[in-house]
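**Q** Supplied structure: target04.txt, compact mmCIF, C-alpha atoms (C1' of nucleotides).
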# COMPACT_ATOMS: atom_id res chain seq x y z
CA MET A 1 -19.81 24.47 1.42
CA ASN A 2 -23.06 23.55 -0.23
CA MET A 3 -22.56 20.67 -2.52
CA LYS A 4 -24.12 17.39 -3.41
CA LEU A 5 -21.92 14.63 -4.77
CA LYS A 6 -21.80 14.30 -8.58
CA TYR A 7 -20.87 11.42 -10.85
CA GLU A 8 -19.21 11.62 -14.22
CA LEU A 9 -18.73 8.69 -16.57
CA LEU A 10 -15.25 8.85 -18.10
CA LYS A 11 -14.80 5.73 -20.17
CA GLU A 12 -16.27 2.33 -20.92
CA GLU A 13 -14.07 -0.70 -21.37
CA LYS A 14 -14.13 -2.04 -24.92
CA SER A 15 -15.19 -5.65 -24.40
CA THR A 16 -17.20 -5.52 -21.16
CA LYS A 17 -19.58 -3.21 -19.33
CA ALA A 18 -16.82 -2.03 -17.01
CA ARG A 19 -16.63 1.71 -16.65
CA LEU A 20 -14.26 4.30 -15.36
CA GLY A 21 -15.84 7.25 -13.62
CA LYS A 22 -15.28 10.18 -11.34
CA ILE A 23 -17.09 11.27 -8.20
CA ILE A 24 -16.89 14.91 -7.28
CA THR A 25 -17.56 15.66 -3.62
CA LYS A 26 -16.90 18.55 -1.32
CA TYR A 27 -14.04 16.51 0.11
CA GLY A 28 -12.37 16.02 -3.24
CA LYS A 29 -12.55 13.95 -6.39
CA TYR A 30 -12.38 10.19 -6.50
CA GLN A 31 -12.27 7.67 -9.28
CA THR A 32 -14.51 4.67 -9.70
CA PRO A 33 -14.62 1.69 -9.54
CA MET A 34 -14.10 2.16 -5.83
CA PHE A 35 -14.20 0.03 -2.71
CA MET A 36 -15.75 1.59 0.41
CA PRO A 37 -14.68 0.31 3.84
CA VAL A 38 -17.44 -0.21 6.36
CA GLY A 39 -17.57 1.74 9.61
CA THR A 40 -20.95 0.80 10.99
CA LEU A 41 -20.69 2.61 14.32
CA ALA A 42 -18.91 5.67 12.96
CA THR A 43 -15.58 3.90 13.09
CA VAL A 44 -13.87 1.57 10.71
CA LYS A 45 -13.15 -0.96 13.41
CA THR A 46 -9.65 -0.56 14.88
CA LEU A 47 -8.58 2.22 12.48
CA ALA A 48 -7.97 5.90 13.10
CA PRO A 49 -9.20 8.22 10.33
CA GLU A 50 -5.59 8.92 9.33
CA GLU A 51 -5.10 5.21 8.80
CA ILE A 52 -8.25 4.99 6.70
CA LYS A 53 -6.92 7.81 4.55
CA GLU A 54 -3.60 6.06 4.20
CA THR A 55 -5.34 3.10 2.54
CA LYS A 56 -6.47 5.65 -0.10
CA ALA A 57 -10.08 4.98 0.74
CA GLY A 58 -12.56 7.53 -0.53
CA ILE A 59 -16.09 6.99 0.70
CA ILE A 60 -16.67 5.05 3.91
CA LEU A 61 -19.91 3.67 5.29
CA ALA A 62 -21.78 4.18 8.51
CA ASN A 63 -25.07 2.66 9.56
CA THR A 64 -28.33 4.42 10.27
CA TYR A 65 -29.87 1.70 12.39
CA HIS A 66 -26.87 1.30 14.66
CA LEU A 67 -26.23 5.02 15.09
CA TRP A 68 -29.92 5.57 15.76
CA LEU A 69 -29.65 3.19 18.72
CA ARG A 70 -26.30 4.49 19.88
CA PRO A 71 -25.49 7.31 20.36
CA GLY A 72 -28.65 8.61 18.64
CA GLU A 73 -28.81 10.91 15.61
CA ASP A 74 -29.45 14.00 17.71
CA ILE A 75 -26.13 13.64 19.46
CA VAL A 76 -24.30 13.19 16.17
CA ASN A 77 -26.19 16.20 14.82
CA GLU A 78 -25.30 18.29 17.84
CA ALA A 79 -21.65 17.29 17.38
CA GLY A 80 -21.85 18.91 13.96
CA GLY A 81 -22.67 15.84 11.87
CA LEU A 82 -21.01 12.52 11.28
CA HIS A 83 -17.82 13.94 9.77
CA LYS A 84 -17.06 16.14 12.74
CA PHE A 85 -18.28 13.55 15.22
CA MET A 86 -15.85 10.92 13.96
CA ASN A 87 -13.20 13.28 12.61
CA TYR A 88 -13.36 11.96 9.06
CA ASP A 89 -13.04 14.54 6.34
CA GLY A 90 -13.93 12.30 3.45
CA PRO A 91 -17.28 11.32 1.99
CA ILE A 92 -19.56 9.11 4.08
CA LEU A 93 -22.42 6.95 2.91
CA THR A 94 -25.02 5.84 5.41
CA ASP A 95 -26.81 2.57 4.95
CA SER A 96 -30.49 2.94 5.72
CA GLY A 97 -31.06 0.14 8.17
CA GLY A 98 -32.64 -1.95 5.44
CA PHE A 99 -30.02 -4.62 5.78
CA GLN A 100 -30.74 -4.88 9.49
CA VAL A 101 -34.29 -5.80 8.56
CA PHE A 102 -32.65 -8.87 7.13
CA SER A 103 -29.76 -9.50 9.52
CA LEU A 104 -31.76 -9.01 12.71
CA ALA A 105 -34.46 -11.21 11.25
CA ASN A 106 -35.41 -12.99 14.45
CA SER A 107 -36.40 -9.81 16.22
CA LYS A 108 -38.43 -7.89 13.66
CA ASP A 109 -41.88 -7.55 12.21
CA ILE A 110 -42.45 -6.00 8.78
CA SER A 111 -45.59 -4.10 7.82
CA GLU A 112 -46.53 -1.56 5.15
CA GLU A 113 -45.85 1.25 7.58
CA GLY A 114 -42.35 0.09 8.50
CA VAL A 115 -40.41 -2.40 10.56
CA ALA A 116 -40.82 -3.13 14.25
CA PHE A 117 -37.53 -4.14 15.82
CA LYS A 118 -36.63 -5.34 19.21
CA ASN A 119 -33.58 -3.40 20.34
CA GLN A 120 -30.94 -6.08 20.70
CA LEU A 121 -29.18 -4.02 23.35
CA ASN A 122 -31.95 -3.61 25.89
CA GLY A 123 -35.10 -5.22 24.53
CA ASP A 124 -36.85 -1.91 23.80
CA ARG A 125 -39.41 -1.96 21.04
CA LEU A 126 -38.43 0.20 18.09
CA PHE A 127 -40.20 1.19 14.91
CA LEU A 128 -38.26 2.22 11.84
CA THR A 129 -40.06 3.67 8.82
CA PRO A 130 -38.76 4.92 5.47
CA GLU A 131 -39.41 8.49 6.61
CA LYS A 132 -37.65 7.95 9.92
CA SER A 133 -34.62 6.38 8.25
CA ILE A 134 -34.23 9.36 5.92
CA GLU A 135 -34.80 11.81 8.72
CA ILE A 136 -32.06 10.15 10.76
CA GLN A 137 -29.72 10.19 7.78
CA ASN A 138 -30.50 13.86 7.19
CA LYS A 139 -29.42 14.56 10.73
CA LEU A 140 -26.34 12.37 10.54
CA ASP A 141 -25.44 14.55 7.54
CA SER A 142 -23.81 11.83 5.49
CA ASP A 143 -22.95 12.55 1.86
CA ILE A 144 -24.99 9.70 0.48
CA ALA A 145 -28.18 8.43 2.10
CA MET A 146 -29.75 5.14 1.15
CA SER A 147 -33.44 4.46 0.75
CA PHE A 148 -34.96 2.24 3.40
CA ASP A 149 -35.55 -1.12 1.75
CA GLU A 150 -36.40 -4.62 2.67
CA CYS A 151 -33.53 -6.94 1.94
CA PRO A 152 -35.12 -10.37 1.67
CA PRO A 153 -33.03 -13.50 1.28
CA ALA A 154 -32.44 -14.57 -2.32
CA SER A 155 -34.06 -17.88 -1.49
CA ALA A 156 -37.41 -16.24 -0.71
CA SER A 157 -40.26 -17.22 -3.01
CA HIS A 158 -40.99 -15.31 -6.19
CA ASP A 159 -44.33 -14.25 -4.73
CA TYR A 160 -42.79 -12.95 -1.57
CA LEU A 161 -40.04 -11.12 -3.44
CA LYS A 162 -42.63 -9.54 -5.76
CA GLN A 163 -44.67 -8.04 -2.95
CA SER A 164 -41.49 -7.13 -1.11
CA ILE A 165 -40.06 -5.11 -4.00
CA GLU A 166 -43.37 -3.38 -4.55
CA ARG A 167 -43.37 -2.30 -0.95
CA THR A 168 -39.70 -1.31 -1.17
CA ILE A 169 -40.58 0.90 -4.13
CA ARG A 170 -43.38 2.56 -2.13
CA TRP A 171 -40.93 2.99 0.74
CA ALA A 172 -38.38 4.55 -1.62
CA LYS A 173 -40.94 7.13 -2.73
CA ARG A 174 -41.96 7.89 0.85
CA GLY A 175 -38.33 8.39 1.82
CA LYS A 176 -37.62 10.61 -1.14
CA ASP A 177 -40.64 12.77 -0.33
CA VAL A 178 -39.28 13.68 3.09
CA HIS A 179 -35.62 13.93 2.11
CA ASN A 180 -34.54 17.54 2.61
CA ASN A 181 -30.76 17.63 3.06
CA LYS A 182 -29.52 19.59 0.07
CA ASN A 183 -25.95 18.43 0.52
CA GLN A 184 -26.88 14.80 0.63
CA ALA A 185 -27.39 12.48 -2.33
CA LEU A 186 -30.13 9.88 -2.04
CA PHE A 187 -29.88 6.46 -3.68
CA GLY A 188 -32.58 3.97 -4.58
CA ILE A 189 -32.15 0.23 -4.17
CA VAL A 190 -32.96 -2.51 -6.64
CA GLN A 191 -34.10 -5.83 -5.20
CA GLY A 192 -35.64 -8.93 -6.75
CA GLY A 193 -33.44 -11.84 -5.76
CA PRO A 194 -32.13 -13.92 -8.64
CA HIS A 195 -35.19 -13.35 -10.86
CA GLU A 196 -34.87 -11.51 -14.16
CA ASP A 197 -38.42 -10.20 -14.24
CA LEU A 198 -38.28 -8.91 -10.69
CA ARG A 199 -34.93 -7.21 -11.11
CA LYS A 200 -36.17 -5.54 -14.26
CA TYR A 201 -39.36 -4.39 -12.58
CA SER A 202 -37.59 -3.19 -9.45
CA ALA A 203 -34.92 -1.32 -11.42
CA THR A 204 -37.37 0.29 -13.84
CA GLU A 205 -39.76 1.46 -11.14
CA THR A 206 -36.97 2.69 -8.87
CA VAL A 207 -35.36 4.66 -11.69
CA LYS A 208 -38.71 6.35 -12.39
CA LEU A 209 -38.45 7.91 -8.95
CA ASP A 210 -35.26 9.62 -10.10
CA PHE A 211 -32.59 9.09 -7.47
CA ASP A 212 -29.04 10.43 -7.42
CA GLY A 213 -27.67 6.92 -7.76
CA TYR A 214 -28.79 3.31 -7.69
CA SER A 215 -27.72 0.30 -5.84
CA ILE A 216 -28.19 -3.39 -6.29
CA GLY A 217 -29.12 -5.06 -3.05
CA GLY A 218 -30.15 -8.41 -1.76
CA VAL A 219 -27.00 -10.03 -3.01
CA ALA A 220 -24.43 -12.16 -1.18
CA ASN A 221 -26.59 -12.31 1.90
CA ASP A 222 -28.01 -15.80 1.81
CA GLY A 223 -25.17 -18.09 0.92
CA GLU A 224 -26.51 -18.12 -2.64
CA ASP A 225 -24.01 -19.21 -5.25
CA LYS A 226 -21.95 -16.74 -7.16
CA GLU A 227 -23.76 -17.37 -10.43
CA ALA A 228 -27.04 -16.27 -8.84
CA MET A 229 -25.36 -13.13 -7.63
CA TYR A 230 -23.83 -12.34 -11.01
CA LYS A 231 -27.21 -12.87 -12.63
CA ALA A 232 -28.84 -10.48 -10.19
CA ILE A 233 -26.34 -7.88 -11.35
CA ASP A 234 -26.79 -8.68 -15.02
CA TYR A 235 -30.57 -8.47 -14.69
CA SER A 236 -30.43 -5.08 -12.96
CA ILE A 237 -27.73 -3.10 -14.73
CA PRO A 238 -29.41 -2.67 -18.16
CA TYR A 239 -32.21 -0.65 -16.58
CA LEU A 240 -29.97 1.76 -14.69
CA PRO A 241 -29.05 5.11 -16.27
CA LYS A 242 -25.46 5.43 -17.43
CA ASP A 243 -24.97 8.84 -15.92
CA LYS A 244 -25.64 7.72 -12.36
CA LEU A 245 -23.48 5.86 -9.89
CA ARG A 246 -24.13 2.14 -9.46
CA TYR A 247 -23.50 0.58 -6.12
CA LEU A 248 -23.39 -3.16 -5.41
CA MET A 249 -24.23 -3.48 -1.73
CA GLY A 250 -22.26 -5.72 0.55
CA VAL A 251 -19.78 -7.12 -1.94
CA GLY A 252 -17.24 -8.36 -1.32
CA GLU A 253 -14.76 -10.91 -2.14
CA PRO A 254 -12.04 -9.86 -4.58
CA ILE A 255 -13.39 -12.05 -7.38
CA ASP A 256 -16.89 -10.67 -6.86
CA ILE A 257 -15.64 -7.11 -7.09
CA ILE A 258 -13.93 -7.97 -10.36
CA GLU A 259 -17.08 -9.64 -11.70
CA GLY A 260 -19.15 -6.69 -10.53
CA VAL A 261 -16.92 -4.17 -12.25
CA ILE A 262 -17.02 -6.18 -15.47
CA ARG A 263 -20.81 -6.06 -15.27
CA GLY A 264 -20.89 -2.29 -14.86
CA VAL A 265 -20.81 -1.65 -11.11
CA ASP A 266 -18.99 1.44 -9.83
CA ILE A 267 -18.84 1.18 -6.06
CA PHE A 268 -18.76 -1.62 -3.51
CA ASP A 269 -18.75 -1.93 0.23
CA CYS A 270 -18.08 -4.91 2.42
CA VAL A 271 -17.26 -5.81 6.00
CA LEU A 272 -15.05 -8.60 4.73
CA PRO A 273 -11.63 -6.95 4.99
CA THR A 274 -12.15 -5.80 8.56
CA ARG A 275 -13.97 -8.89 9.74
CA LEU A 276 -11.37 -11.17 8.18
CA ALA A 277 -8.73 -9.06 9.87
CA ARG A 278 -10.25 -9.48 13.31
CA HIS A 279 -10.37 -13.20 12.72
CA GLY A 280 -6.74 -13.35 11.64
CA ASN A 281 -7.02 -13.53 7.86
CA ALA A 282 -5.14 -11.58 5.22
CA LEU A 283 -5.99 -11.14 1.55
CA THR A 284 -2.93 -11.52 -0.61
CA LYS A 285 -2.11 -11.65 -4.28
CA TYR A 286 -1.70 -15.40 -3.92
CA GLY A 287 -4.91 -16.02 -2.02
CA LYS A 288 -6.34 -15.58 1.43
CA ILE A 289 -4.11 -16.68 4.26
CA ASN A 290 -4.91 -17.47 7.87
CA ILE A 291 -2.11 -15.82 9.78
CA LYS A 292 -2.82 -18.03 12.80
CA ASN A 293 -1.53 -21.05 10.91
CA LYS A 294 1.56 -22.66 12.39
CA LYS A 295 3.51 -22.24 9.18
CA TYR A 296 3.75 -18.48 9.71
CA LYS A 297 5.42 -18.76 13.09
CA LYS A 298 8.88 -18.11 11.68
CA ASP A 299 7.81 -16.36 8.49
CA PHE A 300 9.62 -13.05 8.57
CA THR A 301 8.23 -11.84 5.24
CA PRO A 302 5.39 -9.28 4.85
CA LEU A 303 1.75 -10.37 4.60
CA ASP A 304 1.91 -9.67 0.88
CA SER A 305 5.24 -8.81 -0.66
CA THR A 306 3.50 -6.95 -3.50
CA CYS A 307 1.65 -4.62 -1.11
CA ASP A 308 2.51 -1.03 -0.28
CA CYS A 309 0.48 -0.72 2.92
CA TYR A 310 1.79 0.31 6.31
CA ALA A 311 1.55 -3.25 7.67
CA CYS A 312 3.43 -4.79 4.77
CA GLN A 313 6.09 -2.09 4.77
CA ASN A 314 6.89 -2.47 8.46
CA TYR A 315 5.82 -5.82 9.92
CA THR A 316 6.27 -9.54 9.35
CA ARG A 317 3.79 -12.41 9.22
CA SER A 318 5.54 -13.85 12.26
CA TYR A 319 4.92 -10.71 14.31
CA ILE A 320 1.32 -10.34 13.19
CA LYS A 321 0.67 -14.02 13.94
CA HIS A 322 2.04 -13.41 17.41
CA LEU A 323 -0.24 -10.41 17.93
CA ILE A 324 -3.34 -12.23 16.70
CA SER A 325 -2.49 -15.30 18.77
CA CYS A 326 -2.23 -13.11 21.85
CA ASN A 327 -5.44 -11.33 20.98
CA GLU A 328 -3.67 -8.01 20.72
CA THR A 329 -5.78 -5.43 18.92
CA PHE A 330 -2.76 -4.07 17.08
CA GLY A 331 -2.78 -7.30 15.08
CA ALA A 332 -6.35 -6.74 13.96
CA ARG A 333 -5.44 -3.16 13.13
CA LEU A 334 -2.49 -4.11 10.94
CA LEU A 335 -4.56 -6.77 9.16
CA SER A 336 -7.44 -4.31 8.68
CA ILE A 337 -5.11 -1.73 7.16
CA HIS A 338 -3.70 -4.38 4.88
CA ASN A 339 -7.00 -5.95 3.80
CA ILE A 340 -8.62 -2.61 3.06
CA ARG A 341 -5.60 -1.48 1.14
CA PHE A 342 -5.67 -4.79 -0.74
CA LEU A 343 -9.21 -4.21 -2.01
CA ILE A 344 -8.51 -0.60 -2.81
CA ARG A 345 -5.42 -1.59 -4.77
CA LEU A 346 -7.59 -4.12 -6.55
CA THR A 347 -9.90 -1.31 -7.68
CA GLU A 348 -6.90 0.80 -8.68
CA GLU A 349 -5.73 -2.04 -10.89
CA LEU A 350 -9.21 -2.50 -12.30
CA ARG A 351 -9.33 1.17 -13.24
CA GLN A 352 -6.02 0.80 -14.99
CA ALA A 353 -7.34 -2.28 -16.80
CA ILE A 354 -10.38 -0.32 -17.96
CA GLU A 355 -8.07 2.41 -19.14
CA ASN A 356 -6.04 -0.21 -21.02
CA ASP A 357 -9.10 -2.08 -22.31
CA ASN A 358 -7.77 -5.38 -20.99
CA ILE A 359 -9.96 -6.14 -18.01
CA LEU A 360 -10.71 -9.74 -19.03
CA GLU A 361 -7.00 -10.47 -19.22
CA TYR A 362 -6.56 -8.81 -15.86
CA LYS A 363 -9.26 -11.06 -14.41
CA GLN A 364 -7.58 -14.21 -15.74
CA GLU A 365 -4.25 -13.14 -14.34
CA PHE A 366 -5.82 -12.35 -10.98
CA ILE A 367 -7.54 -15.73 -10.78
CA LYS A 368 -4.34 -17.54 -11.71
CA ASN A 369 -2.48 -15.86 -8.88
CA TYR A 370 -5.22 -15.81 -6.25
CA TYR A 371 -6.69 -19.26 -6.66
CA GLY A 372 -3.86 -21.16 -8.29
CA ASP A 373 -5.34 -24.48 -9.43
CA LYS A 374 -8.22 -24.26 -7.02
CA TYR A 375 -10.50 -22.13 -9.22
CA GLU A 376 -13.37 -24.07 -10.69
C1' G B 377 10.63 -41.97 60.95
C1' C B 378 4.95 -42.41 61.68
C1' G B 379 0.01 -41.37 59.87
C1' G B 380 -3.49 -39.30 56.16
C1' A B 381 -4.71 -37.60 51.12
C1' A B 382 -3.80 -37.39 46.06
C1' U B 383 -1.88 -39.33 41.20
C1' U B 384 -6.94 -38.97 34.50
C1' G B 385 -4.60 -35.28 27.68
C1' G B 386 -0.47 -29.41 26.85
C1' U B 387 -3.35 -27.11 31.30
C1' G B 388 -7.62 -26.93 34.90
C1' A B 389 -10.37 -30.82 35.83
C1' A B 390 -15.43 -34.36 35.70
C1' G B 391 -16.42 -39.51 35.84
C1' U B 392 -18.24 -44.92 35.95
C1' G B 393 -17.00 -52.27 37.54
C1' G B 394 -19.23 -53.34 31.24
C1' U B 395 -20.80 -49.49 24.21
C1' U B 396 -17.11 -43.72 21.41
C1' A B 397 -13.34 -40.96 29.29
C1' A B 398 -17.76 -34.91 30.32
C1' C B 399 -16.67 -29.91 30.16
C1' A B 400 -13.41 -25.62 29.83
C1' C B 401 -8.84 -23.45 28.24
C1' G B 402 -4.83 -24.33 25.00
C1' C B 403 -3.28 -26.31 20.49
C1' C B 404 -4.34 -27.68 15.08
C1' G B 405 -7.60 -26.47 11.08
C1' G B 406 -11.96 -24.22 8.70
C1' A B 407 -15.81 -20.42 8.04
C1' U B 408 -16.65 -15.20 7.42
C1' U B 409 -19.76 -10.74 1.31
C1' G B 410 -25.19 -3.23 2.79
C1' U B 411 -20.90 -5.92 10.85
C1' G B 412 -25.05 -7.01 17.57
C1' G B 413 -21.27 -9.94 19.39
C1' C B 414 -12.08 -11.00 19.67
C1' U B 415 -17.86 -14.74 16.62
C1' C B 416 -19.19 -19.49 14.66
C1' C B 417 -17.91 -24.74 13.13
C1' G B 418 -14.70 -28.96 13.24
C1' G B 419 -10.37 -31.83 15.14
C1' U B 420 -7.45 -32.83 19.32
C1' A B 421 -6.19 -38.78 25.95
C1' C B 422 -6.17 -46.45 21.69
C1' G B 423 -5.71 -44.29 27.52
C1' C B 424 -6.84 -42.73 33.46
C1' G B 425 1.33 -42.91 38.08
C1' U B 426 4.23 -48.13 37.84
C1' G B 427 3.92 -53.43 38.75
C1' G B 428 0.92 -57.27 40.42
C1' G B 429 -3.93 -59.30 41.97
C1' U B 430 -9.61 -59.96 42.30
C1' U B 431 -13.32 -60.37 38.27
C1' C B 432 -16.34 -62.95 32.46
C1' G B 433 -14.62 -57.71 32.38
C1' A B 434 -11.15 -52.59 35.74
C1' U B 435 -9.45 -45.87 34.96
C1' C B 436 -12.98 -47.09 38.81
C1' C B 437 -12.01 -52.80 43.99
C1' C B 438 -7.35 -55.04 46.65
C1' C B 439 -1.77 -55.21 47.46
C1' A B 440 3.13 -53.34 46.68
C1' C B 441 6.18 -49.55 44.78
C1' A B 442 7.07 -44.44 43.00
C1' U B 443 5.94 -39.35 43.08
C1' U B 444 3.40 -35.11 45.17
C1' U B 445 1.16 -33.01 49.34
C1' C B 446 -0.68 -32.31 54.46
C1' G B 447 -0.16 -33.37 59.67
C1' C B 448 2.84 -35.37 63.82
C1' C B 449 7.59 -36.63 66.16
Would you write out, as structure tokens, the structure that this file holds?

**A**
Amino acid sequence: MNMKLKYELLKEEKSTKARLGKIITKYGKYQTPMFMPVGTLATVKTLAPEEIKETKAGIILANTYHLWLRPGEDIVNEAGGLHKFMNYDGPILTDSGGFQVFSLANSKDISEEGVAFKNQLNGDRLFLTPEKSIEIQNKLDSDIAMSFDECPPASASHDYLKQSIERTIRWAKRGKDVHNNKNQALFGIVQGGPHEDLRKYSATETVKLDFDGYSIGGVANDGEDKEAMYKAIDYSIPYLPKDKLRYLMGVGEPIDIIEGVIRGVDIFDCVLPTRLARHGNALTKYGKINIKNKKYKKDFTPLDSTCDCYACQNYTRSYIKHLISCNETFGARLLSIHNIRFLIRLTEELRQAIENDNILEYKQEFIKNYYGDKYE
RNA sequence: GCGGAAUUGGUGAAGUGGUUAACACGCCGGAUUGUGGCUCCGGUACGCGUGGGUUCGAUCCCCACAUUUCGCC
């Protein structure tokens, strides 16, 4: 089937910028706001595709840079594309490798042409360009491709960020010019750190290039405080068209998803639920818990008694603590299922709150439960 | 019965006659926001088998005892 993903705005919440929307894909229709689990290496770590589906996830992520290194885009292409390769019949978004320009900072060199990396696996020298990133994503055959951007730390100087976003805009255009997968949407990325003028400039110029959707990047990557992150969103959103999907990259924590939705963001992705899971943490209505803590040794209740996930329906904290303590992967799998389902339920509730026009009340209620007295 | 060796935290162990007894594992906590890493960061023996002695000072030297272990009869 020949079909590029479409977005439809359904409703705006009365007192905030929160919006309810619909994404139509060849795999089905999904509502936004939505949380997208991350599956960097064509697998949401520890989960089978059936288990991903069971969390009610829609779009999932994979990563261009990592799949380029292993197994290589040609192999994925020969397998029939990412969906067939990993047996996932839902929408997939590929990140461009831009974030790796940031996260693999000690082994890279940025120039106008692109980014020279040192392959962390074998020391090979690699060169990724905007054109190459798009070409790889074309071959991976994801449903949404991301422009190749530089993702500088929020703490970088205004001067540096200015020249960085200008280059990122040139890179976005170069990528768009070679993009030729008719079934694949292509998104542009707004950068600019915490600065109002830079966000405005980046958003305006990126929108001029006319992408299928826009994302806000460079956020939550530098230990910057939450206010700086919320400002980055506030400074970007007004310049993005209402009829296109808005994606806040790499976020995040439950409270940040709520704040993002209130500010007009539609989709989010984050490694947090799966990483927390592997490290023995569970997100619950009453806050994050570390299942390794002694106090759960004889706790025969579910991770979160308000949760409908497979882990909470069938297993106790005591058992999951035992698994994590023994380093059994089934523990990480149960926690991953739970944490992903937790964030997806959060977005389900946010959609309902938008529908009911009471999202600010929902936020207060959430904070009261999640943080108790600890919220400043 | 005789002779030798050993005895340090929950475990495996380093170590020195003189400030806070190394390290690892475990245990107890914490971190984690477009995922290189079951990762990272803290805390965790007021005491070095027991009792004496030598010394200004002993976990480290000496003696006795206990326990463990090896060899011999």

**Q** Using only C-alpha atoms (C1' of nucleotides), which chain B residues lie at most 8 Å away from chain A, written as an MDAnalysis selection string?

**A** chainID B and resid 408:412 414

**Q** So the first atom is atom CA of Gly287 of chain A and the second is atom CA of Tyr370 of chain A; what is the distance between them in Å, to one decimal place?

**A**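 If I compute the distance from atom CA of Gly287 of chain A to atom CA of Tyr370 of chain A, I get 4.2 Å.
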
**Q** Of the candidates A:Lys242, A:Lys132, A:Lys182, A:His338, which one gets nearest to Leu283 of chain A if we count only C-alpha atoms?

**A** A:His338

**Q** Mind listing whatever residues come within 12 Å of the point (2.3, -33.7, 66.4)? Use all atoms listed in the file, file coordinates, and give them as an NGL selection string.

**A** :B and (378-379 or 447-449)

**Q** Could you work out an axis-aligned bounding box for all listed atoms of segment 48-64 of chain A, with 6 Å added on each of the six sides, and give its centre and edge lengths in Å to one decimal, as lines of an AutoDock Vina configuration file?

**A**
center_x = -16.0
center_y = 5.8
center_z = 6.3
size_x = 36.7
size_y = 18.3
size_z = 25.6

**Q** Which residues are near segment 415-419 of chain B? Cut-off 8 Å, only C-alpha atoms (C1' of nucleotides), ignore same chain within fewer than 3 positions. Put them as JSON, numbers by chain.

**A** {"B": [404, 405, 406, 407]}

**Q** Quick one: of A:Tyr239, A:Phe127, A:Trp68, A:Tyr30, who's nearest to Leu5 of chain A, counting all atoms listed in the file?

**A**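 Comparing A:Tyr239, A:Phe127, A:Trp68, A:Tyr30 against Leu5 of chain A, the winner is A:Tyr30.
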
**Q** Hey, which of A:Asp212, A:Asp304, A:Asp149, A:Asp225 ends up closest to Gly114 of chain A? Count only C-alpha atoms.

**A**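 Nearest candidate to Gly114 of chain A out of A:Asp212, A:Asp304, A:Asp149, A:Asp225: A:Asp149.
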
**Q** At a cut-off of 8 Å, using all atoms listed in the file, what residues contact segment 441-445 of chain B? Leave out same-chain residues fewer than 3 positions from it and give the result as a list in words.

**A** A381, A382, U383, G425, U426 and G427 of chain B

**Q** Atom CA of Lys297 of chain A and atom CA of Gly331 of chain A are how many Å apart?

**A**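 Between these atoms lies a distance of 14.2 Å.
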
**Q** Quick one: everything within 10 Å of Asn181 of chain A, counting all atoms listed in the file, minus sequence neighbours fewer than 4 positions away in the same chain. Send it as an mmCIF file with C-alpha atoms, in the frame of the given file.

**A**
data_model
loop_
_atom_site.group_PDB
_atom_site.id
_atom_site.type_symbol
_atom_site.label_atom_id
_atom_site.label_comp_id
_atom_site.auth_asym_id
_atom_site.auth_seq_id
_atom_site.Cartn_x
_atom_site.Cartn_y
_atom_site.Cartn_z
ATOM 1 C CA LYS A 4 -24.120 17.390 -3.410
ATOM 2 C CA ILE A 134 -34.230 9.360 5.920
ATOM 3 C CA GLU A 135 -34.800 11.810 8.720
ATOM 4 C CA GLN A 137 -29.720 10.190 7.780
ATOM 5 C CA ASN A 138 -30.500 13.860 7.190
ATOM 6 C CA LYS A 139 -29.420 14.560 10.730
ATOM 7 C CA ASP A 141 -25.440 14.550 7.540
ATOM 8 C CA SER A 142 -23.810 11.830 5.490
ATOM 9 C CA ASP A 143 -22.950 12.550 1.860
ATOM 10 C CA ALA A 145 -28.180 8.430 2.100
ATOM 11 C CA ALA A 185 -27.390 12.480 -2.330
ATOM 12 C CA LEU A 186 -30.130 9.880 -2.040
#

**Q** As a ChimeraX atom specification, please: the residues near Gln313 of chain A (cut-off 12 Å, all atoms listed in the file, same-chain neighbours under 3 positions excluded).

**A** /A:301-310,316-317,334,337-338

**Q** Quick one: of A:Lys56, A:Lys321, A:Lys208, A:Lys29, who's nearest to Phe342 of chain A, counting all atoms listed in the file?

**A**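 Counting all atoms listed in the file, the residue closest to Phe342 of chain A is A:Lys56.
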
**Q** With all atoms listed in the file as the counted atoms, please give the residues lying no more than 10 Å from C403 of chain B, apart from itself and same-chain residues fewer than 2 positions off, as an mmCIF file with C-alpha atoms (C1' of nucleotides), keeping the file's coordinate frame.

**A**
data_model
loop_
_atom_site.group_PDB
_atom_site.id
_atom_site.type_symbol
_atom_site.label_atom_id
_atom_site.label_comp_id
_atom_site.auth_asym_id
_atom_site.auth_seq_id
_atom_site.Cartn_x
_atom_site.Cartn_y
_atom_site.Cartn_z
ATOM 1 C "C1'" G B 386 -0.470 -29.410 26.850
ATOM 2 C "C1'" C B 401 -8.840 -23.450 28.240
ATOM 3 C "C1'" U B 420 -7.450 -32.830 19.320
#

**Q** Give as a PDB file with C-alpha atoms (C1' of nucleotides), keeping the file's coordinate frame the set of residues within 7 Å of the point (-14.2, -45.6, 35.4), where distances use the file's coordinates and only C-alpha atoms (C1' of nucleotides).

**A**
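This is the output file part37.pdb:
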ATOM      1  C1'   G B 391     -16.420 -39.510  35.840  1.00  0.00           C
ATOM      2  C1'   U B 392     -18.240 -44.920  35.950  1.00  0.00           C
ATOM      3  C1'   U B 435      -9.450 -45.870  34.960  1.00  0.00           C
ATOM      4  C1'   C B 436     -12.980 -47.090  38.810  1.00  0.00           C
TER       5        C B 436
END

**Q** Can you work out the spacing between atom CA of Pro152 of chain A and atom CA of Glu166 of chain A in Å, to one decimal?

**A** 12.5 Å
